[in-house]
2 protein chains.
Amino acid sequence: MNDQTPPNPVPRLGEIGLTNYAPYLMNRIMGRYNASLREEMAALGLTTAKMRALAVLSVIEGPLIRELAVFSVVEQSTLSRALDQLAAEALIRRETDPGDSRATRVFITEAGRTAFETLWPHMAESYARMFRGIPDDEQRAFVGTLQKMLANIRKHEI
Amino acid sequence: MNDQTPPNPVPRLGEIGLTNYAPYLMNRIMGRYNASLREEMAALGLTTAKMRALAVLSVIEGPLIRELAVFSVVEQSTLSRALDQLAAEALIRRETDPGDSRATRVFITEAGRTAFETLWPHMAESYARMFRGIPDDEQRAFVGTLQKMLANIRKHEI
DNA sequence: CAAGGATATTTGCAAATGCATTTAAATCTG
DNA sequence: CAGATTTAAATGCATTTGCAAATATCCTTG
């Protein structure tokens with residue numbers, strides 16, 4: 001079609017600039033968000049993996065462990081151990097799937113819900129801080145783009 | 001002003017929905033992005049911390065270690081050890097700051113640049129995949145929002 | 001200019017993480 | 001339906017991580 005197009009190799013990071021490179025910005029923002037929660041999490045005896053599992057379980061009822069791993073963005077082996085701890089603290093409960101005895105479904109307990117509800121206001125606060133001064137419609141557009149991105153990357157995921 | 005407003009407590013995560021909650025989406029997308037690079041990184045003997053340090057150093061010349069920690073979103077102690085490794089592999093070089101002998105400036109070496117340039121196409125590919133089908137203006141708006149968010153959260157940061 | 005306190009980096013140590021492997025159960029195939 | 005293959009979850013093990021404390025240097029202030 002257009003034989004005039006100059007060879008356009010992958011631009012360098014330096015050319016884009018760190019602060020125009022979306023993954024960098026996202027990593028940096030999430031790094032702060034996650035770090036800002038760590039203190040509250042520590043107070044509740046939660047690690048990132050445990051917190052994420054609880055967060056997902058507060059919304060999704062009885063997923064399989066491998067599903068929970070995807071939703072909570074935690075390695076399956078890491079999650080397995082996080083669930084050990086959460087179960088020992090009675091924040092979750094594991095139940096063998098009725099139809100497949102290899103599989104395990106995970107349920108949040110009342111205590112687990114309470115723990116997450118203690119943490120949630122801090123998450124909401126960090127969230128609000130992040131979006132301070134950003135108009136609603138821009139926020140909605142932003143989330144819309146994120147959803148498209150998620151659809152793009154989760155090829156073979158759930 | 002409006003005394004009719006019902007008490008509006010923090011909405012629950014369940015009410016927002018996981019896939020409308022920006023931090024969740026961002027964590028999940030970045031989890032995939034970072035995981036997708038892990039294989040290439042492993043082939044180059046890089047950890048996340050080492051890769052991030054290299055990425056920043058490919059753009060920023062001779063930062064202090066504590067600055068590099070902020071830019072690369074890595075705990076300072078973790079970074080310190082990552083730099084040990086990178087220095088041992090001759091991918092970076094540490095130099096005591098001329099004006100302050102407590103401080104250390106970090107420089108990428110030619111070998112370090114080469115290593116990062118080996119990785120970069122994979123990062124660019126993941127990036128492209130993420131944004132596949134998303135129009136340029138939407139991408140620009142998205143990055144614009146990210147920049148506002150970064151400004152919001154980095155209160156006392158660099 | 002001698003404390004006393006701040007700042008930059010490193011290090012000790014315990015915990016979290018991820019890969020590879022194992023165990024157990026389900027599913028496929030001839 | 002026996003054996004091979006796939007799938008779900010747990011575990012062994014080495015590495016990475018993060019907090020807290022240590023070390024070294026710098027900056028005050030009396």
# chains A, B, ... in the order shown; residues from 1 in each chain; ligands from 1
$ closest_atom_pairs --of "chain B" --to "chain A" --cutoff "7 Å" --atoms "only C-alpha atoms" --output "tab-separated table"
residue	atom	partner	partner_atom	distance
B:Val10	CA	A:Pro121	CA	6.9
B:Gly14	CA	A:Val59	CA	5.1
B:Asn20	CA	A:Val143	CA	6.5
B:Ala22	CA	A:Val143	CA	5.9
B:Leu25	CA	A:Leu146	CA	6.4
B:Met26	CA	A:Met26	CA	6.7
B:Asn27	CA	A:Met30	CA	6.7
B:Arg28	CA	A:Val73	CA	5.8
B:Ile29	CA	A:Leu150	CA	5.9
B:Met30	CA	A:Asn27	CA	6.7
B:Gly31	CA	A:Val73	CA	6.2
B:Ser58	CA	A:Gly14	CA	7.0
B:Val59	CA	A:Gly14	CA	5.1
B:Val73	CA	A:Arg28	CA	5.8
B:Pro121	CA	A:Val10	CA	6.9
B:Arg129	CA	A:Asn152	CA	6.7
B:Met130	CA	A:Met149	CA	5.2
B:Phe131	CA	A:Met149	CA	6.0
B:Arg132	CA	A:Asn152	CA	6.8
B:Phe142	CA	A:Phe142	CA	5.8
B:Val143	CA	A:Ala22	CA	6.0
B:Leu146	CA	A:Leu25	CA	6.4
B:Met149	CA	A:Met130	CA	5.2
B:Leu150	CA	A:Ile29	CA	6.0
B:Asn152	CA	A:Met130	CA	5.7
B:Ile153	CA	A:Met130	CA	5.9
$ residues_around --residues "DT21 in chain C" --least-positions-apart "2" --cutoff "10 Å" --atoms "only C-alpha atoms (C1' of nucleotides)" --output "list of chain:residue names"
C:DC19, C:DT23, D:DT11, D:DG12
$ write_last_selection --atoms "C-alpha atoms (C1' of nucleotides)" --output "JSON list (two decimals), in the first residue's frame"
[["chain", "number", "residue", "atom", "x", "y", "z"],
["C", 19, "DC", "C1'", 9.41, -22.95, 39.59],
["C", 23, "DT", "C1'", 0.22, -36.73, 44.49],
["D", 11, "DT", "C1'", 4.86, -29.47, 48.49],
["D", 12, "DG", "C1'", 10.26, -29.19, 48.21]]
$ residues_around --residues "range 95-99 of chain A" --least-positions-apart "6" --cutoff "10 Å" --atoms "only C-alpha atoms (C1' of nucleotides)" --output "short mmCIF file (atom, residue, chain, number, x, y, z; two decimals) with C-alpha atoms, in the first residue's frame"
data_model
loop_
_atom_site.label_atom_id
_atom_site.label_comp_id
_atom_site.auth_asym_id
_atom_site.auth_seq_id
_atom_site.Cartn_x
_atom_site.Cartn_y
_atom_site.Cartn_z
CA GLY A 62 -16.92 -20.58 45.98
CA PRO A 63 -14.47 -20.49 43.05
CA LEU A 64 -12.05 -23.29 42.34
CA ARG A 105 -13.79 -24.69 46.12
CA VAL A 106 -13.04 -21.83 48.44
CA PHE A 107 -15.55 -19.90 50.54
#
$ residues_around --residues "Gly112 in chain B" --least-positions-apart "4" --cutoff "8 Å" --atoms "only C-alpha atoms (C1' of nucleotides)" --output "list in words"
Leu54, Ala90, Leu91, Ile92, Ile108 and Phe116 of chain B
$ write_last_selection --atoms "N, CA and C atoms" --output "JSON list (two decimals), in the first residue's frame"
[["chain", "number", "residue", "atom", "x", "y", "z"],
["B", 54, "LEU", "N", 17.31, -1.72, 35.27],
["B", 54, "LEU", "CA", 17.91, -1.53, 33.95],
["B", 54, "LEU", "C", 17.05, -0.63, 33.07],
["B", 90, "ALA", "N", 28.32, -6.94, 35.55],
["B", 90, "ALA", "CA", 28.86, -5.81, 34.77],
["B", 90, "ALA", "C", 27.80, -5.15, 33.89],
["B", 91, "LEU", "N", 26.54, -5.20, 34.35],
["B", 91, "LEU", "CA", 25.49, -4.53, 33.59],
["B", 91, "LEU", "C", 25.29, -3.10, 34.08],
["B", 92, "ILE", "N", 25.73, -2.84, 35.28],
["B", 92, "ILE", "CA", 25.72, -1.48, 35.81],
["B", 92, "ILE", "C", 27.05, -1.23, 36.52],
["B", 108, "ILE", "N", 24.36, 2.65, 33.82],
["B", 108, "ILE", "CA", 24.24, 1.43, 33.02],
["B", 108, "ILE", "C", 25.49, 1.31, 32.16],
["B", 116, "PHE", "N", 19.24, -4.91, 28.11],
["B", 116, "PHE", "CA", 17.91, -4.33, 28.10],
["B", 116, "PHE", "C", 17.34, -4.29, 26.69]]
$ closest_atom_pairs --of "chain C" --to "chain B" --cutoff "12 Å" --atoms "only C-alpha atoms (C1' of nucleotides)" --output "tab-separated table"
residue	atom	partner	partner_atom	distance
C:DT7	C1'	B:Arg102	CA	8.3
C:DA8	C1'	B:Ala103	CA	5.2
C:DT9	C1'	B:Arg102	CA	7.3
C:DT10	C1'	B:Ser80	CA	7.2
C:DT11	C1'	B:Ser77	CA	8.8
C:DG12	C1'	B:Ser77	CA	11.8
C:DG18	C1'	B:Arg38	CA	10.5
C:DC19	C1'	B:Ala42	CA	11.1
$ write_last_selection --atoms "N, CA and C atoms (P, O5', C5', C4', C3', O3' and C1' of nucleotides)" --output "compact mmCIF listing (two decimals), in the first residue's frame"
# COMPACT_ATOMS: atom_id res chain seq x y z
P DT C 7 16.36 14.25 56.63
O5' DT C 7 17.51 13.45 55.87
C5' DT C 7 18.64 14.15 55.39
C4' DT C 7 19.57 13.15 54.73
C3' DT C 7 18.86 12.12 53.85
O3' DT C 7 19.51 12.14 52.60
C1' DT C 7 20.34 11.06 55.33
P DA C 8 19.15 11.17 51.45
O5' DA C 8 20.36 10.14 51.54
C5' DA C 8 21.64 10.49 51.03
C4' DA C 8 22.42 9.22 50.77
C3' DA C 8 21.66 8.20 49.93
O3' DA C 8 22.55 7.66 48.96
C1' DA C 8 22.24 7.25 52.04
P DT C 9 22.00 6.56 47.94
O5' DT C 9 22.42 5.22 48.68
C5' DT C 9 23.81 4.98 48.95
C4' DT C 9 23.97 3.81 49.88
C3' DT C 9 23.50 2.47 49.35
O3' DT C 9 24.66 1.72 49.01
C1' DT C 9 23.08 2.75 51.68
P DT C 10 24.53 0.24 48.46
O5' DT C 10 24.65 -0.59 49.82
C5' DT C 10 25.76 -0.36 50.67
C4' DT C 10 25.64 -1.21 51.93
C3' DT C 10 25.47 -2.71 51.70
O3' DT C 10 26.46 -3.33 52.48
C1' DT C 10 23.84 -1.93 53.23
P DT C 11 26.70 -4.90 52.41
O5' DT C 11 25.86 -5.49 53.64
C5' DT C 11 26.22 -5.09 54.95
C4' DT C 11 25.27 -5.74 55.95
C3' DT C 11 24.99 -7.23 55.71
O3' DT C 11 24.98 -7.85 56.98
C1' DT C 11 22.98 -6.06 55.86
P DG C 12 25.21 -9.40 57.13
O5' DG C 12 24.25 -9.78 58.35
C5' DG C 12 23.87 -8.81 59.30
C4' DG C 12 22.69 -9.30 60.14
C3' DG C 12 22.42 -10.80 60.07
O3' DG C 12 21.91 -11.20 61.33
C1' DG C 12 20.59 -9.63 59.12
P DG C 18 5.04 -14.85 42.77
O5' DG C 18 6.05 -15.99 42.29
C5' DG C 18 7.36 -15.62 41.94
C4' DG C 18 8.04 -16.80 41.28
C3' DG C 18 7.16 -17.54 40.29
O3' DG C 18 8.00 -17.94 39.22
C1' DG C 18 7.81 -19.01 42.03
P DC C 19 7.42 -18.59 37.92
O5' DC C 19 8.27 -19.93 37.79
C5' DC C 19 9.69 -19.86 37.90
C4' DC C 19 10.22 -21.24 38.22
C3' DC C 19 9.67 -22.34 37.30
O3' DC C 19 10.78 -23.06 36.77
C1' DC C 19 9.41 -22.95 39.59
$ interface_residues --of "chain D" --to "chain B" --cutoff "12 Å" --atoms "only C-alpha atoms (C1' of nucleotides)" --output "PyMOL selection string"
chain D and resi 15-20+23-27
$ select_by_dssp --residues "range 7-151 of chain A" --states "strand (DSSP E or B)" --output "number ranges by chain"
A: 64, 92-96, 104-108
$ write_last_selection --atoms "C-alpha atoms" --output "PDB file, in the first residue's frame"
ATOM      1  CA  LEU A  64     -12.046 -23.290  42.338  1.00  0.00           C
ATOM      2  CA  ILE A  92     -11.911 -19.001  54.539  1.00  0.00           C
ATOM      3  CA  ARG A  93     -13.054 -22.574  54.220  1.00  0.00           C
ATOM      4  CA  ARG A  94     -12.014 -25.131  51.592  1.00  0.00           C
ATOM      5  CA  GLU A  95     -14.537 -27.633  50.264  1.00  0.00           C
ATOM      6  CA  THR A  96     -13.919 -30.452  47.856  1.00  0.00           C
ATOM      7  CA  THR A 104     -11.397 -27.570  45.760  1.00  0.00           C
ATOM      8  CA  ARG A 105     -13.793 -24.692  46.124  1.00  0.00           C
ATOM      9  CA  VAL A 106     -13.043 -21.827  48.442  1.00  0.00           C
ATOM     10  CA  PHE A 107     -15.549 -19.900  50.544  1.00  0.00           C
ATOM     11  CA  ILE A 108     -15.091 -16.837  52.655  1.00  0.00           C
TER      12      ILE A 108
END
